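Asker: File model-v3.cif below, mmCIF, C-alpha atoms:
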```cif
data_structure
loop_
_atom_site.group_PDB
_atom_site.id
_atom_site.type_symbol
_atom_site.label_atom_id
_atom_site.label_comp_id
_atom_site.auth_asym_id
_atom_site.auth_seq_id
_atom_site.Cartn_x
_atom_site.Cartn_y
_atom_site.Cartn_z
ATOM 1 C CA MET X 1 -21.719 -7.174 -17.500
ATOM 2 C CA LYS X 2 -21.187 -10.646 -18.815
ATOM 3 C CA GLU X 3 -18.119 -12.453 -20.033
ATOM 4 C CA LYS X 4 -17.805 -13.823 -23.538
ATOM 5 C CA GLU X 5 -20.009 -16.736 -24.465
ATOM 6 C CA ASN X 6 -18.779 -20.292 -24.025
ATOM 7 C CA THR X 7 -15.994 -19.942 -26.569
ATOM 8 C CA GLY X 8 -12.583 -21.371 -25.832
ATOM 9 C CA GLU X 9 -11.453 -17.880 -24.879
ATOM 10 C CA GLY X 10 -14.481 -17.394 -22.611
ATOM 11 C CA ILE X 11 -13.909 -20.700 -20.821
ATOM 12 C CA ILE X 12 -10.247 -19.850 -20.195
ATOM 13 C CA PHE X 13 -11.213 -16.394 -18.905
ATOM 14 C CA LYS X 14 -13.749 -17.935 -16.512
ATOM 15 C CA GLU X 15 -11.296 -20.512 -15.172
ATOM 16 C CA LEU X 16 -8.474 -17.984 -14.734
ATOM 17 C CA SER X 17 -10.760 -15.395 -13.127
ATOM 18 C CA CYS X 18 -12.090 -17.890 -10.596
ATOM 19 C CA GLU X 19 -8.595 -19.106 -9.756
ATOM 20 C CA ILE X 20 -7.122 -15.587 -9.386
ATOM 21 C CA LEU X 21 -9.893 -14.465 -7.041
ATOM 22 C CA LYS X 22 -9.922 -17.708 -5.010
ATOM 23 C CA LYS X 23 -6.202 -17.172 -4.356
ATOM 24 C CA GLY X 24 -6.935 -13.699 -2.968
ATOM 25 C CA HIS X 25 -5.610 -11.611 -5.845
ATOM 26 C CA LEU X 26 -7.112 -8.571 -7.576
ATOM 27 C CA LEU X 27 -8.653 -9.217 -11.014
ATOM 28 C CA ARG X 28 -8.614 -6.471 -13.673
ATOM 29 C CA PHE X 29 -10.280 -6.874 -17.078
ATOM 30 C CA GLN X 30 -12.266 -5.142 -19.818
ATOM 31 C CA ALA X 31 -16.010 -5.392 -19.203
ATOM 32 C CA ARG X 32 -18.363 -6.424 -22.006
ATOM 33 C CA GLY X 33 -22.038 -5.598 -22.263
ATOM 34 C CA ASN X 34 -24.410 -2.812 -21.338
ATOM 35 C CA SER X 35 -26.390 -4.258 -18.421
ATOM 36 C CA MET X 36 -24.641 -1.956 -15.902
ATOM 37 C CA HIS X 37 -24.766 1.196 -18.055
ATOM 38 C CA PRO X 38 -24.080 4.018 -17.200
ATOM 39 C CA PHE X 39 -22.118 2.931 -14.104
ATOM 40 C CA ILE X 40 -20.036 0.418 -16.068
ATOM 41 C CA LYS X 41 -19.940 0.874 -19.818
ATOM 42 C CA ASP X 42 -18.962 -1.638 -22.480
ATOM 43 C CA LYS X 43 -15.147 -1.792 -22.685
ATOM 44 C CA ASP X 44 -14.540 -0.062 -19.335
ATOM 45 C CA ILE X 45 -11.821 -1.676 -17.257
ATOM 46 C CA ILE X 46 -13.110 -3.018 -13.955
ATOM 47 C CA LYS X 47 -11.213 -4.173 -10.895
ATOM 48 C CA ILE X 48 -12.574 -6.977 -8.762
ATOM 49 C CA LYS X 49 -11.267 -7.962 -5.350
ATOM 50 C CA PRO X 50 -12.132 -11.127 -3.477
ATOM 51 C CA VAL X 51 -14.639 -10.559 -0.702
ATOM 52 C CA GLU X 52 -16.334 -12.478 2.074
ATOM 53 C CA PRO X 53 -19.981 -12.707 0.912
ATOM 54 C CA LEU X 54 -21.314 -11.980 4.416
ATOM 55 C CA LYS X 55 -19.637 -8.539 4.306
ATOM 56 C CA LEU X 56 -21.500 -7.474 1.159
ATOM 57 C CA LYS X 57 -24.353 -5.011 1.385
ATOM 58 C CA ALA X 58 -27.136 -3.792 -0.893
ATOM 59 C CA GLY X 59 -25.711 -1.420 -3.494
ATOM 60 C CA ASP X 60 -22.396 -3.248 -3.915
ATOM 61 C CA VAL X 61 -21.575 -4.453 -7.423
ATOM 62 C CA ILE X 62 -20.660 -8.096 -7.107
ATOM 63 C CA PHE X 63 -18.911 -10.461 -9.506
ATOM 64 C CA TYR X 64 -20.381 -13.943 -9.492
ATOM 65 C CA LEU X 65 -20.892 -17.198 -11.313
ATOM 66 C CA SER X 66 -24.527 -17.370 -12.430
ATOM 67 C CA GLY X 67 -26.726 -20.462 -12.497
ATOM 68 C CA SER X 68 -25.914 -20.760 -16.207
ATOM 69 C CA LYS X 69 -22.189 -20.730 -15.285
ATOM 70 C CA ARG X 70 -21.530 -17.272 -16.728
ATOM 71 C CA LEU X 71 -19.493 -14.608 -14.954
ATOM 72 C CA ILE X 72 -21.572 -11.518 -14.238
ATOM 73 C CA ALA X 73 -21.028 -8.189 -12.471
ATOM 74 C CA HIS X 74 -24.377 -6.829 -11.252
ATOM 75 C CA ARG X 75 -25.609 -4.749 -8.345
ATOM 76 C CA LEU X 76 -26.632 -6.516 -5.141
ATOM 77 C CA ILE X 77 -30.232 -5.548 -4.407
ATOM 78 C CA LYS X 78 -30.896 -7.622 -1.316
ATOM 79 C CA LYS X 79 -29.947 -10.689 0.686
ATOM 80 C CA THR X 80 -32.567 -13.289 1.421
ATOM 81 C CA LYS X 81 -32.852 -16.812 2.807
ATOM 82 C CA GLY X 82 -33.465 -19.885 0.679
ATOM 83 C CA LYS X 83 -34.137 -23.484 1.598
ATOM 84 C CA GLU X 84 -32.547 -24.555 4.866
ATOM 85 C CA ASP X 85 -31.599 -20.915 5.603
ATOM 86 C CA GLU X 86 -29.149 -20.754 2.693
ATOM 87 C CA LEU X 87 -28.026 -17.149 2.095
ATOM 88 C CA LEU X 88 -29.134 -15.978 -1.358
ATOM 89 C CA PHE X 89 -28.322 -12.769 -3.205
ATOM 90 C CA VAL X 90 -30.744 -10.965 -5.504
ATOM 91 C CA THR X 91 -28.978 -8.889 -8.154
ATOM 92 C CA LYS X 92 -29.900 -6.656 -11.058
ATOM 93 C CA GLY X 93 -28.127 -4.881 -13.872
ATOM 94 C CA ASP X 94 -28.544 -1.105 -13.566
ATOM 95 C CA SER X 95 -30.038 -0.824 -17.060
ATOM 96 C CA THR X 96 -32.176 -3.976 -16.959
ATOM 97 C CA HIS X 97 -35.834 -4.138 -15.955
ATOM 98 C CA GLY X 98 -36.107 -7.338 -13.957
ATOM 99 C CA PHE X 99 -34.132 -8.932 -11.182
ATOM 100 C CA ASP X 100 -31.688 -11.744 -11.889
ATOM 101 C CA GLU X 101 -32.260 -15.241 -10.550
ATOM 102 C CA ALA X 102 -31.188 -15.359 -6.879
ATOM 103 C CA ILE X 103 -27.734 -16.847 -6.437
ATOM 104 C CA PRO X 104 -26.230 -18.643 -3.435
ATOM 105 C CA SER X 105 -23.521 -16.784 -1.548
ATOM 106 C CA SER X 106 -21.073 -19.528 -2.591
ATOM 107 C CA SER X 107 -21.325 -18.258 -6.202
ATOM 108 C CA VAL X 108 -19.908 -14.834 -5.288
ATOM 109 C CA LEU X 109 -16.302 -14.430 -6.428
ATOM 110 C CA GLY X 110 -15.679 -10.793 -5.602
ATOM 111 C CA LYS X 111 -16.750 -7.173 -5.516
ATOM 112 C CA VAL X 112 -16.135 -4.401 -8.052
ATOM 113 C CA VAL X 113 -13.796 -1.918 -6.354
ATOM 114 C CA ALA X 114 -12.935 0.392 -9.267
ATOM 115 C CA VAL X 115 -13.912 1.307 -12.814
ATOM 116 C CA GLU X 116 -11.412 2.779 -15.278
ATOM 117 C CA ARG X 117 -12.687 4.952 -18.120
ATOM 118 C CA ASP X 118 -10.923 7.560 -20.263
ATOM 119 C CA GLU X 119 -7.694 7.054 -18.304
ATOM 120 C CA LYS X 120 -9.433 7.909 -15.018
ATOM 121 C CA GLU X 121 -10.166 5.527 -12.161
ATOM 122 C CA ILE X 122 -13.357 5.692 -10.124
ATOM 123 C CA SER X 123 -12.886 3.889 -6.807
ATOM 124 C CA MET X 124 -15.798 2.544 -4.820
#
```
Just give me the structure as structure tokens.

Answerer:
Amino acid sequence: MKEKENTGEGIIFKELSCEILKKGHLLRFQARGNSMHPFIKDKDIIKIKPVEPLKLKAGDVIFYLSGSKRLIAHRLIKKTKGKEDELLFVTKGDSTHGFDEAIPSSSVLGKVVAVERDEKEISM
């Protein structure tokens, strides 16, 4: 799930989302895209909570700032080590074929803790 392109609205959303999560608050918004279908569908409401990256495990859906500076919610596939033992996360959208570019743990903003659809909430 990706946020809106680099429109004024998308830039504001990115800045506010980062700030809300960095301050330790829950973030709730309408997801856009189909990369996590059927787990998260376009226009579902998702809830993100801040998380310590070291506590994440394979299977978690994480919310992060990609290398192209886009906000993405994708499933954590595995943790690996980069240069100088930097902790990297490999992610993938549930409905995509390839893995995403590995991201440093410092790019992780939070973890998806609930999905709302048809007035029902699915907690993780």

Asker: Care to translate the PyMOL selection byres ((chain X and resi 42-52) around 9) into actual residues of this file, as a ChimeraX atom specification?

Answerer: /X:1,20-37,40-41,53-56,62-63,108-118,121

Asker: Next, dump the selected residues to file, keeping only C-alpha atoms, as a PDB file, in the frame of the given file.

Answerer:
```pdb
ATOM      1  CA  MET X   1     -21.719  -7.174 -17.500  1.00  0.00           C
ATOM      2  CA  ILE X  20      -7.122 -15.587  -9.386  1.00  0.00           C
ATOM      3  CA  LEU X  21      -9.893 -14.465  -7.041  1.00  0.00           C
ATOM      4  CA  LYS X  22      -9.922 -17.708  -5.010  1.00  0.00           C
ATOM      5  CA  LYS X  23      -6.202 -17.172  -4.356  1.00  0.00           C
ATOM      6  CA  GLY X  24      -6.935 -13.699  -2.968  1.00  0.00           C
ATOM      7  CA  HIS X  25      -5.610 -11.611  -5.845  1.00  0.00           C
ATOM      8  CA  LEU X  26      -7.112  -8.571  -7.576  1.00  0.00           C
ATOM      9  CA  LEU X  27      -8.653  -9.217 -11.014  1.00  0.00           C
ATOM     10  CA  ARG X  28      -8.614  -6.471 -13.673  1.00  0.00           C
ATOM     11  CA  PHE X  29     -10.280  -6.874 -17.078  1.00  0.00           C
ATOM     12  CA  GLN X  30     -12.266  -5.142 -19.818  1.00  0.00           C
ATOM     13  CA  ALA X  31     -16.010  -5.392 -19.203  1.00  0.00           C
ATOM     14  CA  ARG X  32     -18.363  -6.424 -22.006  1.00  0.00           C
ATOM     15  CA  GLY X  33     -22.038  -5.598 -22.263  1.00  0.00           C
ATOM     16  CA  ASN X  34     -24.410  -2.812 -21.338  1.00  0.00           C
ATOM     17  CA  SER X  35     -26.390  -4.258 -18.421  1.00  0.00           C
ATOM     18  CA  MET X  36     -24.641  -1.956 -15.902  1.00  0.00           C
ATOM     19  CA  HIS X  37     -24.766   1.196 -18.055  1.00  0.00           C
ATOM     20  CA  ILE X  40     -20.036   0.418 -16.068  1.00  0.00           C
ATOM     21  CA  LYS X  41     -19.940   0.874 -19.818  1.00  0.00           C
ATOM     22  CA  PRO X  53     -19.981 -12.707   0.912  1.00  0.00           C
ATOM     23  CA  LEU X  54     -21.314 -11.980   4.416  1.00  0.00           C
ATOM     24  CA  LYS X  55     -19.637  -8.539   4.306  1.00  0.00           C
ATOM     25  CA  LEU X  56     -21.500  -7.474   1.159  1.00  0.00           C
ATOM     26  CA  ILE X  62     -20.660  -8.096  -7.107  1.00  0.00           C
ATOM     27  CA  PHE X  63     -18.911 -10.461  -9.506  1.00  0.00           C
ATOM     28  CA  VAL X 108     -19.908 -14.834  -5.288  1.00  0.00           C
ATOM     29  CA  LEU X 109     -16.302 -14.430  -6.428  1.00  0.00           C
ATOM     30  CA  GLY X 110     -15.679 -10.793  -5.602  1.00  0.00           C
ATOM     31  CA  LYS X 111     -16.750  -7.173  -5.516  1.00  0.00           C
ATOM     32  CA  VAL X 112     -16.135  -4.401  -8.052  1.00  0.00           C
ATOM     33  CA  VAL X 113     -13.796  -1.918  -6.354  1.00  0.00           C
ATOM     34  CA  ALA X 114     -12.935   0.392  -9.267  1.00  0.00           C
ATOM     35  CA  VAL X 115     -13.912   1.307 -12.814  1.00  0.00           C
ATOM     36  CA  GLU X 116     -11.412   2.779 -15.278  1.00  0.00           C
ATOM     37  CA  ARG X 117     -12.687   4.952 -18.120  1.00  0.00           C
ATOM     38  CA  ASP X 118     -10.923   7.560 -20.263  1.00  0.00           C
ATOM     39  CA  GLU X 121     -10.166   5.527 -12.161  1.00  0.00           C
TER      40      GLU X 121
END
```

Asker: Check the smallest atom-to-atom distance from each of X:Phe89, X:Ala58, X:Thr96, X:Tyr64 to Cys18 (chain X) using only C-alpha atoms, then report the winner.

Answerer: X:Tyr64

Asker: Would you mind telling me which residue in X:Gly59, X:Ser107, X:Ala73, X:Lys120 lies nearest to Leu87 (chain X) when using all atoms listed in the file?

Answerer: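 Residue with the minimum atom-to-atom distance to Leu87 (chain X): X:Ser107.
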
Asker: What's the separation between CA of Lys92 (chain X) and CA of Gly10 (chain X), in Å to one decimal place?

Answerer: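 Pair CA of Lys92 (chain X) / CA of Gly10 (chain X) returns 22.1 Å.
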
Asker: Need to verify the contact set: Glu86 (chain X), 12 Å, only C-alpha atoms, exclusion of same-chain residues closer than 3 positions in sequence. Can you return it as a VMD selection string?

Answerer: chain X and resid 54 79 to 83 89 102 to 106

Asker: Please indicate the distance in Å from CA of Leu76 (chain X) to CA of Thr91 (chain X), rounded to one decimal place.

Answerer: 4.5 Å

Asker: Can you work out the spacing between CA of Glu15 (chain X) and CA of Gly67 (chain X) in Å, to one decimal?

Answerer: 15.7 Å

Asker: Under the rule that only C-alpha atoms are counted, which of X:Ser66, X:Asp94, X:Asp60, X:Gly8 is the nearest residue to Lys78 (chain X)?

Answerer: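 Using only C-alpha atoms, Lys78 (chain X) sits closest to X:Asp60.
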
Asker: For Ile11 (chain X), which of X:Leu71, X:Ser123, X:Asp100, X:Phe39 is the closest residue, counting only C-alpha atoms?

Answerer: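 That would be X:Leu71, the residue with the smallest distance to Ile11 (chain X).
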
Asker: Go through X:Lys57, X:Leu65, X:Pro38, X:Ile122 one by one, measure the shortest atom-to-atom distance of each to Ser95 (chain X) using all atoms listed in the file, and give the residue with the smallest value.

Answerer: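 Closest to Ser95 (chain X) of all the choices is X:Pro38.
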